[in-house]
Each structure stands twice: as C-alpha cells, then as structure tokens.
>>> print(open('query22.cif').read())   # mmCIF, C-alpha atoms and all ligand atoms
data_protein
#
loop_
_atom_site.label_atom_id
_atom_site.label_comp_id
_atom_site.auth_asym_id
_atom_site.auth_seq_id
_atom_site.Cartn_x
_atom_site.Cartn_y
_atom_site.Cartn_z
CA MET U 17 129.75 -20.93 -66.67
CA ALA U 18 128.51 -21.14 -70.27
CA LYS U 19 126.95 -17.98 -71.77
CA LYS U 20 123.16 -18.02 -71.99
CA LYS U 21 122.05 -18.86 -75.52
CA MET U 22 119.51 -16.61 -77.23
CA ILE U 23 117.37 -16.91 -80.36
CA HIS U 24 120.20 -15.88 -82.75
CA ASP U 25 122.34 -18.69 -81.27
CA PHE U 26 119.59 -21.23 -82.04
CA LEU U 27 119.34 -19.93 -85.62
CA ARG U 28 123.11 -20.24 -86.02
CA MET U 29 122.99 -23.76 -84.55
CA LYS U 30 120.37 -24.73 -87.16
CA GLN U 31 122.54 -23.33 -89.95
CA GLU U 32 125.67 -25.09 -88.65
CA GLY U 33 123.96 -28.41 -87.90
CA ASP U 34 124.71 -28.11 -84.18
CA LYS U 35 121.84 -29.90 -82.38
CA ILE U 36 119.82 -27.95 -79.80
CA THR U 37 119.30 -29.78 -76.47
CA PHE U 38 115.94 -29.13 -74.86
CA LEU U 39 114.29 -30.63 -71.76
CA THR U 40 111.33 -29.78 -69.58
CA ALA U 41 111.85 -28.65 -65.97
CA TYR U 42 109.25 -27.73 -63.38
CA ASP U 43 111.20 -26.93 -60.21
CA PHE U 44 114.31 -25.27 -58.80
CA PRO U 45 116.54 -28.33 -58.20
CA THR U 46 115.82 -29.87 -61.61
CA ALA U 47 116.58 -26.53 -63.26
CA GLN U 48 119.92 -26.43 -61.42
CA PHE U 49 120.76 -29.96 -62.62
CA ALA U 50 119.81 -29.02 -66.19
CA GLU U 51 121.93 -25.89 -66.24
CA SER U 52 124.91 -27.83 -64.82
CA ALA U 53 124.39 -30.51 -67.46
CA GLY U 54 124.60 -27.89 -70.21
CA LEU U 55 121.06 -27.94 -71.63
CA ASP U 56 120.56 -25.21 -74.27
CA MET U 57 116.90 -24.60 -73.51
CA LEU U 58 114.26 -25.53 -70.91
CA LEU U 59 110.49 -25.81 -71.30
CA VAL U 60 108.27 -25.31 -68.29
CA GLY U 61 105.60 -27.41 -69.95
CA ASP U 62 101.96 -27.67 -68.97
CA SER U 63 102.88 -31.37 -68.69
CA LEU U 64 103.55 -30.27 -65.09
CA GLY U 65 99.85 -30.97 -64.62
CA MET U 66 100.56 -34.68 -65.03
CA CYS U 67 104.17 -34.87 -63.85
CA VAL U 68 103.87 -32.69 -60.73
CA TYR U 69 100.17 -32.45 -59.84
CA GLY U 70 99.01 -35.93 -60.87
CA TYR U 71 96.20 -34.78 -63.20
CA SER U 72 95.27 -37.22 -65.96
CA GLY U 73 95.99 -34.59 -68.66
CA THR U 74 97.10 -30.98 -69.20
CA VAL U 75 93.65 -29.38 -69.59
CA PRO U 76 93.13 -28.46 -65.88
CA VAL U 77 96.41 -26.50 -65.66
CA VAL U 78 95.95 -22.73 -65.07
CA MET U 79 98.15 -19.68 -65.66
CA ASP U 80 99.16 -19.14 -62.02
CA GLN U 81 100.53 -22.69 -61.72
CA CYS U 82 102.63 -22.15 -64.85
CA ILE U 83 103.93 -18.80 -63.60
CA TYR U 84 104.96 -20.21 -60.18
CA HIS U 85 106.83 -23.11 -61.78
CA CYS U 86 108.51 -20.81 -64.32
CA GLU U 87 109.70 -18.56 -61.47
CA ALA U 88 111.27 -21.55 -59.69
CA VAL U 89 112.94 -22.80 -62.87
CA ARG U 90 114.29 -19.32 -63.63
CA ARG U 91 115.85 -19.18 -60.13
CA GLY U 92 117.46 -22.59 -60.69
CA ALA U 93 118.70 -21.87 -64.21
CA PRO U 94 119.52 -18.16 -64.44
CA ASN U 95 121.71 -18.65 -67.53
CA THR U 96 119.47 -20.89 -69.61
CA PHE U 97 116.88 -19.93 -72.26
CA ILE U 98 113.47 -20.71 -70.74
CA VAL U 99 110.22 -21.24 -72.63
CA GLY U 100 106.93 -20.89 -70.73
CA ASP U 101 104.05 -23.04 -71.96
CA MET U 102 100.65 -21.38 -72.35
CA PRO U 103 98.00 -23.60 -70.69
CA PHE U 104 94.64 -24.54 -72.17
CA MET U 105 92.24 -21.55 -72.47
CA SER U 106 94.95 -18.98 -71.74
CA TYR U 107 95.12 -17.96 -75.44
CA GLN U 108 92.11 -19.42 -77.26
CA SER U 109 89.26 -17.12 -76.23
CA SER U 110 90.60 -13.70 -77.32
CA LEU U 111 93.72 -12.07 -78.73
CA GLU U 112 93.84 -9.60 -75.81
CA LYS U 113 93.88 -12.48 -73.31
CA ALA U 114 96.53 -14.30 -75.36
CA VAL U 115 98.86 -11.28 -75.37
CA GLU U 116 98.25 -10.48 -71.71
CA ASN U 117 98.94 -14.05 -70.58
CA ALA U 118 101.98 -14.40 -72.84
CA GLY U 119 103.33 -11.19 -71.30
CA ARG U 120 102.97 -12.61 -67.77
CA PHE U 121 105.56 -15.31 -68.57
CA LEU U 122 108.12 -12.61 -69.33
CA LYS U 123 107.16 -9.94 -66.77
CA GLU U 124 106.44 -12.14 -63.75
CA ALA U 125 108.58 -15.22 -64.35
CA GLY U 126 111.52 -14.01 -66.44
CA CYS U 127 110.90 -16.44 -69.33
CA ASP U 128 112.59 -15.82 -72.68
CA ALA U 129 109.78 -17.11 -74.91
CA ILE U 130 106.36 -18.71 -74.81
CA LYS U 131 105.01 -21.82 -76.52
CA LEU U 132 101.46 -22.40 -77.67
CA GLU U 133 99.77 -25.34 -79.36
CA GLY U 134 98.24 -25.30 -82.84
CA GLY U 135 98.95 -24.44 -86.47
CA VAL U 136 96.67 -22.62 -88.90
CA ARG U 137 93.99 -22.15 -86.23
CA VAL U 138 96.25 -20.11 -83.88
CA VAL U 139 97.83 -17.86 -86.53
CA PRO U 140 96.00 -14.74 -85.19
CA GLN U 141 97.26 -15.45 -81.66
CA ILE U 142 100.86 -15.97 -82.83
CA LYS U 143 100.75 -12.72 -84.85
CA ALA U 144 99.34 -10.75 -81.90
CA ILE U 145 101.89 -12.11 -79.40
CA VAL U 146 104.82 -11.55 -81.78
CA GLU U 147 103.49 -8.03 -82.48
CA ALA U 148 103.76 -7.40 -78.71
CA GLY U 149 107.49 -8.20 -78.92
CA ILE U 150 107.38 -11.71 -77.44
CA LEU U 151 109.30 -14.68 -78.89
CA VAL U 152 106.93 -17.51 -79.84
CA MET U 153 107.57 -21.23 -80.24
CA GLY U 154 104.81 -23.00 -82.19
CA HIS U 155 103.80 -26.59 -81.35
CA ILE U 156 102.13 -28.83 -83.95
CA GLY U 157 101.51 -32.51 -84.67
CA LEU U 158 100.22 -34.16 -81.51
CA THR U 159 98.92 -31.25 -79.42
CA PRO U 160 97.95 -32.69 -76.00
CA GLN U 161 95.56 -29.84 -75.08
CA SER U 162 93.34 -30.83 -78.04
CA SER U 163 93.92 -34.58 -77.78
CA GLY U 164 90.15 -35.03 -77.42
CA GLN U 165 89.68 -33.72 -80.96
CA LEU U 166 92.61 -35.84 -82.19
CA GLY U 167 91.04 -38.99 -80.74
CA GLY U 168 93.62 -39.38 -77.96
CA HIS U 169 97.39 -39.03 -77.61
CA LYS U 170 98.09 -40.34 -81.11
CA ALA U 171 100.90 -39.73 -83.60
CA GLN U 172 99.86 -37.35 -86.39
CA GLY U 173 100.74 -37.10 -90.09
CA ARG U 174 101.02 -40.82 -90.85
CA THR U 175 98.99 -40.60 -94.08
CA LEU U 176 99.52 -38.27 -97.06
CA GLU U 177 96.36 -36.37 -96.14
CA THR U 178 97.29 -35.80 -92.48
CA ALA U 179 100.98 -35.19 -93.29
CA SER U 180 99.84 -32.38 -95.65
CA ILE U 181 97.92 -30.81 -92.75
CA VAL U 182 101.05 -30.92 -90.55
CA VAL U 183 103.14 -29.31 -93.33
CA GLN U 184 100.52 -26.56 -93.81
CA ASP U 185 100.49 -25.95 -90.06
CA ALA U 186 104.29 -25.64 -89.97
CA LEU U 187 104.34 -23.14 -92.83
CA ALA U 188 101.51 -21.13 -91.25
CA VAL U 189 103.28 -20.96 -87.87
CA GLN U 190 106.50 -19.66 -89.49
CA GLU U 191 104.56 -17.23 -91.70
CA ALA U 192 102.74 -15.86 -88.61
CA GLY U 193 106.10 -14.88 -87.12
CA ALA U 194 106.97 -17.69 -84.67
CA GLN U 195 110.73 -17.89 -84.21
CA MET U 196 110.86 -21.63 -83.39
CA ILE U 197 108.58 -24.62 -83.78
CA LEU U 198 108.16 -27.92 -81.94
CA LEU U 199 106.96 -31.03 -83.80
CA GLU U 200 105.38 -33.69 -81.58
CA ALA U 201 104.84 -37.33 -82.56
CA ILE U 202 105.02 -37.14 -86.34
CA PRO U 203 106.90 -39.43 -88.77
CA PRO U 204 110.61 -38.59 -89.20
CA GLU U 205 110.14 -38.33 -92.99
CA VAL U 206 107.60 -35.53 -92.57
CA ALA U 207 109.70 -33.84 -89.87
CA ALA U 208 112.82 -33.94 -92.08
CA TYR U 209 110.90 -32.23 -94.91
CA ILE U 210 109.60 -29.50 -92.55
CA THR U 211 113.07 -28.98 -91.04
CA GLN U 212 114.69 -28.31 -94.40
CA LYS U 213 111.73 -26.25 -95.65
CA LEU U 214 111.56 -23.84 -92.68
CA ASN U 215 114.11 -21.11 -91.88
CA ILE U 216 113.37 -21.21 -88.12
CA PRO U 217 114.79 -23.85 -85.72
CA VAL U 218 112.66 -26.99 -85.63
CA LEU U 219 112.60 -28.98 -82.36
CA SER U 220 111.43 -32.56 -82.08
CA ILE U 221 109.66 -34.58 -79.44
CA GLY U 222 109.01 -37.88 -81.13
CA ALA U 223 109.74 -36.52 -84.63
CA GLY U 224 113.03 -38.24 -85.42
CA LEU U 225 116.70 -37.36 -85.77
CA ASP U 226 116.61 -34.85 -88.59
CA CYS U 227 115.15 -31.92 -86.65
CA ASN U 228 117.42 -29.16 -85.36
CA GLY U 229 117.10 -30.29 -81.74
CA GLN U 230 115.44 -32.72 -79.36
CA LEU U 231 113.05 -32.30 -76.43
CA LEU U 232 112.13 -34.87 -73.78
CA ILE U 233 109.97 -34.56 -70.70
CA VAL U 234 112.36 -34.71 -67.78
CA SER U 235 110.06 -36.91 -65.68
CA ASP U 236 110.06 -39.47 -68.51
CA MET U 237 113.79 -39.40 -69.25
CA ILE U 238 114.80 -39.83 -65.59
CA GLY U 239 112.22 -42.57 -65.00
CA GLN U 240 110.10 -40.63 -62.51
CA PHE U 241 106.69 -40.51 -64.29
CA GLN U 242 105.05 -43.89 -63.99
CA ALA U 243 101.51 -43.64 -65.47
CA PHE U 244 102.58 -44.41 -69.07
CA THR U 245 105.62 -44.12 -71.34
CA PRO U 246 105.21 -42.75 -74.88
CA LYS U 247 107.06 -44.60 -77.68
CA PHE U 248 109.42 -41.64 -78.23
CA VAL U 249 110.80 -41.71 -74.66
CA LYS U 250 114.23 -43.02 -73.78
CA LYS U 251 114.78 -43.49 -70.04
CA TYR U 252 118.31 -42.47 -69.09
CA CYS U 253 117.94 -43.54 -65.45
CA ASN U 254 115.31 -44.92 -63.08
CA VAL U 255 114.69 -42.36 -60.39
CA ALA U 256 111.50 -44.09 -59.24
CA GLU U 257 113.50 -47.22 -58.40
CA VAL U 258 116.43 -45.36 -56.80
CA VAL U 259 114.15 -43.19 -54.62
CA THR U 260 111.78 -46.02 -53.64
CA ASN U 261 114.73 -48.20 -52.62
CA ALA U 262 116.24 -45.35 -50.57
CA MET U 263 112.88 -44.86 -48.81
CA LYS U 264 112.61 -48.59 -48.09
CA ASP U 265 116.12 -48.53 -46.56
CA TYR U 266 115.10 -45.54 -44.40
CA VAL U 267 111.93 -47.28 -43.18
CA ALA U 268 113.93 -50.43 -42.33
CA GLU U 269 116.65 -48.50 -40.46
CA VAL U 270 114.16 -46.43 -38.41
CA LYS U 271 112.21 -49.57 -37.47
CA ALA U 272 115.45 -51.36 -36.49
CA GLY U 273 116.74 -48.41 -34.44
CA LYS U 274 119.75 -48.02 -36.74
CA PHE U 275 118.98 -44.42 -37.72
CA PRO U 276 120.01 -41.86 -36.51
CA GLU U 277 123.64 -42.81 -35.81
CA ASP U 278 125.86 -40.86 -33.40
CA ASP U 279 127.19 -38.75 -36.34
CA HIS U 280 123.69 -37.42 -36.96
CA CYS U 281 123.27 -36.13 -33.34
CA TYR U 282 123.95 -32.70 -31.74
CA HIS U 283 125.74 -33.52 -28.45
CA MET U 284 125.89 -31.06 -25.54
CA ILE U 285 128.77 -28.64 -25.41
CA SER U 286 131.70 -29.94 -23.32
CA GLY U 287 131.07 -29.59 -19.56
CA GLU U 288 127.32 -28.92 -20.03
CA LYS U 289 126.29 -32.60 -19.79
CA GLU U 290 127.57 -32.89 -16.19
CA LYS U 291 125.60 -29.74 -15.22
CA PHE U 292 122.50 -31.09 -16.98
CA ASP U 293 122.79 -34.45 -15.19
CA THR U 294 123.09 -32.71 -11.81
CA GLU U 295 120.12 -30.41 -12.52
CA PHE U 296 117.82 -33.13 -13.86
CA LYS U 297 118.89 -36.23 -11.91
O1 LIG C 1 103.90 -29.53 -71.74
C1 LIG C 1 104.84 -30.07 -72.32
O2 LIG C 1 105.78 -30.58 -71.73
C2 LIG C 1 104.76 -30.11 -73.77
C3 LIG C 1 105.48 -31.24 -74.42
C4 LIG C 1 104.61 -32.43 -74.44
C5 LIG C 1 105.90 -30.89 -75.78
O3 LIG C 1 104.09 -29.33 -74.37
#
>>> encode(input="query22.cif", output="structure tokens")
Amino acid sequence: MAKKKMIHDFLRMKQEGDKITFLTAYDFPTAQFAESAGLDMLLVGDSLGMCVYGYSGTVPVVMDQCIYHCEAVRRGAPNTFIVGDMPFMSYQSSLEKAVENAGRFLKEAGCDAIKLEGGVRVVPQIKAIVEAGILVMGHIGLTPQSSGQLGGHKAQGRTLETASIVVQDALAVQEAGAQMILLEAIPPEVAAYITQKLNIPVLSIGAGLDCNGQLLIVSDMIGQFQAFTPKFVKKYCNVAEVVTNAMKDYVAEVKAGKFPEDDHCYHMISGEKEKFDTEFK
C-alpha cells in the first residue's frame, strides 16, 4: 500500500514537476476505488449537492451533509489526503464560525485540509483558519457558490481586466497563508502564469495542462452525472449506460422467470427436505 502523501509531498511534487492527481469522492466505495487507483488527493466537494442529492446547485448544501460524506470517504480511503469543502454560508458570516466549521472537518471527519471559495474577499477567513493550525486550499476563478454574482457557471479571466483580478486573487490567497490553491475554469495562459508565480501547489479544474495537478468531479469523469457536462470534463467511462443496461437486463430476467437461478438459492440441508415434505404434505 502506498504511503499517504502530505503537504510537503505536494510541495516536492510541484518542485519536481510530478503532477498531482486529484478527484472528488462522496462515498465509501468510490473512495476505496480511488485509493486503489492511486489518487494522490480526494476532495469531498460540495458538488455532492448536485451529484448525490440532485440539487440544481451547491448553495443548499449544509455542514452536516459535508461531514457525513467526509466520514464515509475517510473510511474508504484511510491512506489518502482528503480535503473537505466548506459549504456556502459556513465561513462567510464570521471568522469564529469559519474557524469552528473548518475544525469540524478535521475533528469529526478526519480530513487533512479544507477548501473554501474566493480570493481577496476571503483573506480574513483564510488567515483565521490557518492561524488555528488547519491546512487551507484556496479556490478561485469560477467559484460555483457565487455563480449568481458571476452571471452563471462561466469561465473567468478571459479578458486582461478579469485575468488581472484572478492573478490578484491567487497572490492574495497565497499571502494569506493557504498551502494550496485550485483554479477553476480559467484560460491556460493565465493558469500557467499563476503556477510559475506561486510557491504553493496549484491545482486545475478546467485551467489547462501547466498547473501542478488536475482535479475532475468523479461523477463527470465516470459518466454518472447527466444534467450537464462542462467543457473541461473528459469522460473516462459511461457508468450511466453500464448501470442502466444492467438494470434493464435484471428487469427482463425477473419478468421472464430467469432470475434467480438454482445457484442463487439456499437449498435445505441434506435429509431435511424429506422431513419437511412429510410434515407439510
Ligand atoms: O465541490 C466541488 O467539487 C468543487 C469543484 C467544482 C472544484 O468545488
């Protein structure tokens, strides 16, 4: 079994050009698959609101849901670095609340770090959480919790003016003490600049090849989430098709009396059938 990677390993990987592999997971079996597949890091994202609960966005997700899913992922992947995602309104309203909720991910769910969305505007929260001894991953660019303000789930930083905002956010997040940062849906040119400018590992979801590692949402990459597919997603298999076809086969076999077969039955212990037949004839 590979040794669990920690923050110093991710820093070394950045320095050596060894790409960090990062995927979301929301449940025990997926976490087991991910650890067996050798993922370096897992995110229990608030995208679970859409991928697991069927909400239309991440805003309704609450702390307890995140904690329960983090606990399950930790049980499935005991030797993988796990990042818990702070849901909407778990860190915005006060620094005390931000620190307390960040602490729950470590104390109750055994996470290794937390992630929160925002750049310059969440600098006080990042400083307070880091001050409490908690590893923080920043998240800038397209930040789904504030997609209303961004005018929808749109790529960010595609003009000089907006790219400058993304760069300022990245510098502010590092300066505030975050030990990693995630760039979502920004041009690869801007992401490449940020990656070479920052000392901390820079992860990408839709930010091109030049970052220090890549994240995908597991439900997208296995073809399970069906509502929409962002441009940055590559589907590595089609679970929706495989599972639907298996269910169709099951329905057909039950209807046709082909399932269960004799192999799936618990027969009476030898000699007991004769006694049963006599008793209940
Ligand atoms: O919740 C999540 O999975 C995320 C990704 C979209 C980056 O924050």
>>> closest_residue(input="query22.cif", among="U:Asp236, U:Glu277, U:Glu290, U:Glu177", to="Val249 (chain U)", atoms="all atoms listed in the file")
U:Asp236
>>> residues_around(input="query22.cif", residues="region 43-46 of chain U", least_positions_apart="3", cutoff="9 Å", atoms="all atoms listed in the file", output="number ranges by chain")
U: 49-51, 60, 85-93, 234
>>> residues_near_ligand(input="query22.cif", ligand="ligand LIG 1 (chain C)", cutoff="10 Å", atoms="all atoms listed in the file", output="JSON, numbers by chain")
{"U": [39, 40, 41, 42, 58, 59, 60, 61, 62, 63, 64, 65, 66, 67, 73, 74, 100, 101, 102, 103, 131, 132, 133, 155, 156, 158, 159, 160, 161, 198, 199, 200, 201, 219, 220, 221, 222, 231, 232, 233, 234, 235]}
>>> closest_residue(input="query22.cif", among="U:Met153, U:Ala192, U:Ile98, U:Ala223", to="Leu122 (chain U)", atoms="only C-alpha atoms")
U:Ile98
>>> atom_distance(input="query22.cif", atom1="CA of Gln240 (chain U)", atom2="CA of Ala262 (chain U)")
14.2 Å
>>> closest_residue(input="query22.cif", among="U:His24, U:Asp56, U:Phe38, U:Val75", to="Gly164 (chain U)", atoms="only C-alpha atoms")
U:Val75
>>> closest_residue(input="query22.cif", among="U:Thr178, U:Ser109, U:Gln195, U:Ser72", to="Gly149 (chain U)", atoms="all atoms listed in the file")
U:Gln195
>>> atom_distance(input="query22.cif", atom1="CA of Leu55 (chain U)", atom2="CA of Glu257 (chain U)")
24.6 Å
>>> atom_distance(input="query22.cif", atom1="CA of Val139 (chain U)", atom2="CA of Tyr71 (chain U)")
28.9 Å
>>> axis_aligned_box(input="query22.cif", around="region 36-39 of chain U", padding_each_side="8 Å", output="lines of an AutoDock Vina configuration file")
center_x = 117.1
center_y = -29.3
center_z = -75.8
size_x = 21.5
size_y = 18.7
size_z = 24.0
>>> closest_residue(input="query22.cif", among="U:Pro204, U:Gly154, U:Pro246, U:Gly287", to="Ile216 (chain U)", atoms="all atoms listed in the file")
U:Gly154
>>> residues_around(input="query22.cif", residues="Val78 (chain U)", least_positions_apart="4", cutoff="8 Å", atoms="all atoms listed in the file", output="PyMOL selection string")
chain U and resi 82+103-104+106
>>> closest_residue(input="query22.cif", among="U:Met105, U:Met79, U:Val152, U:Ile197", to="Glu124 (chain U)", atoms="all atoms listed in the file")
U:Met79
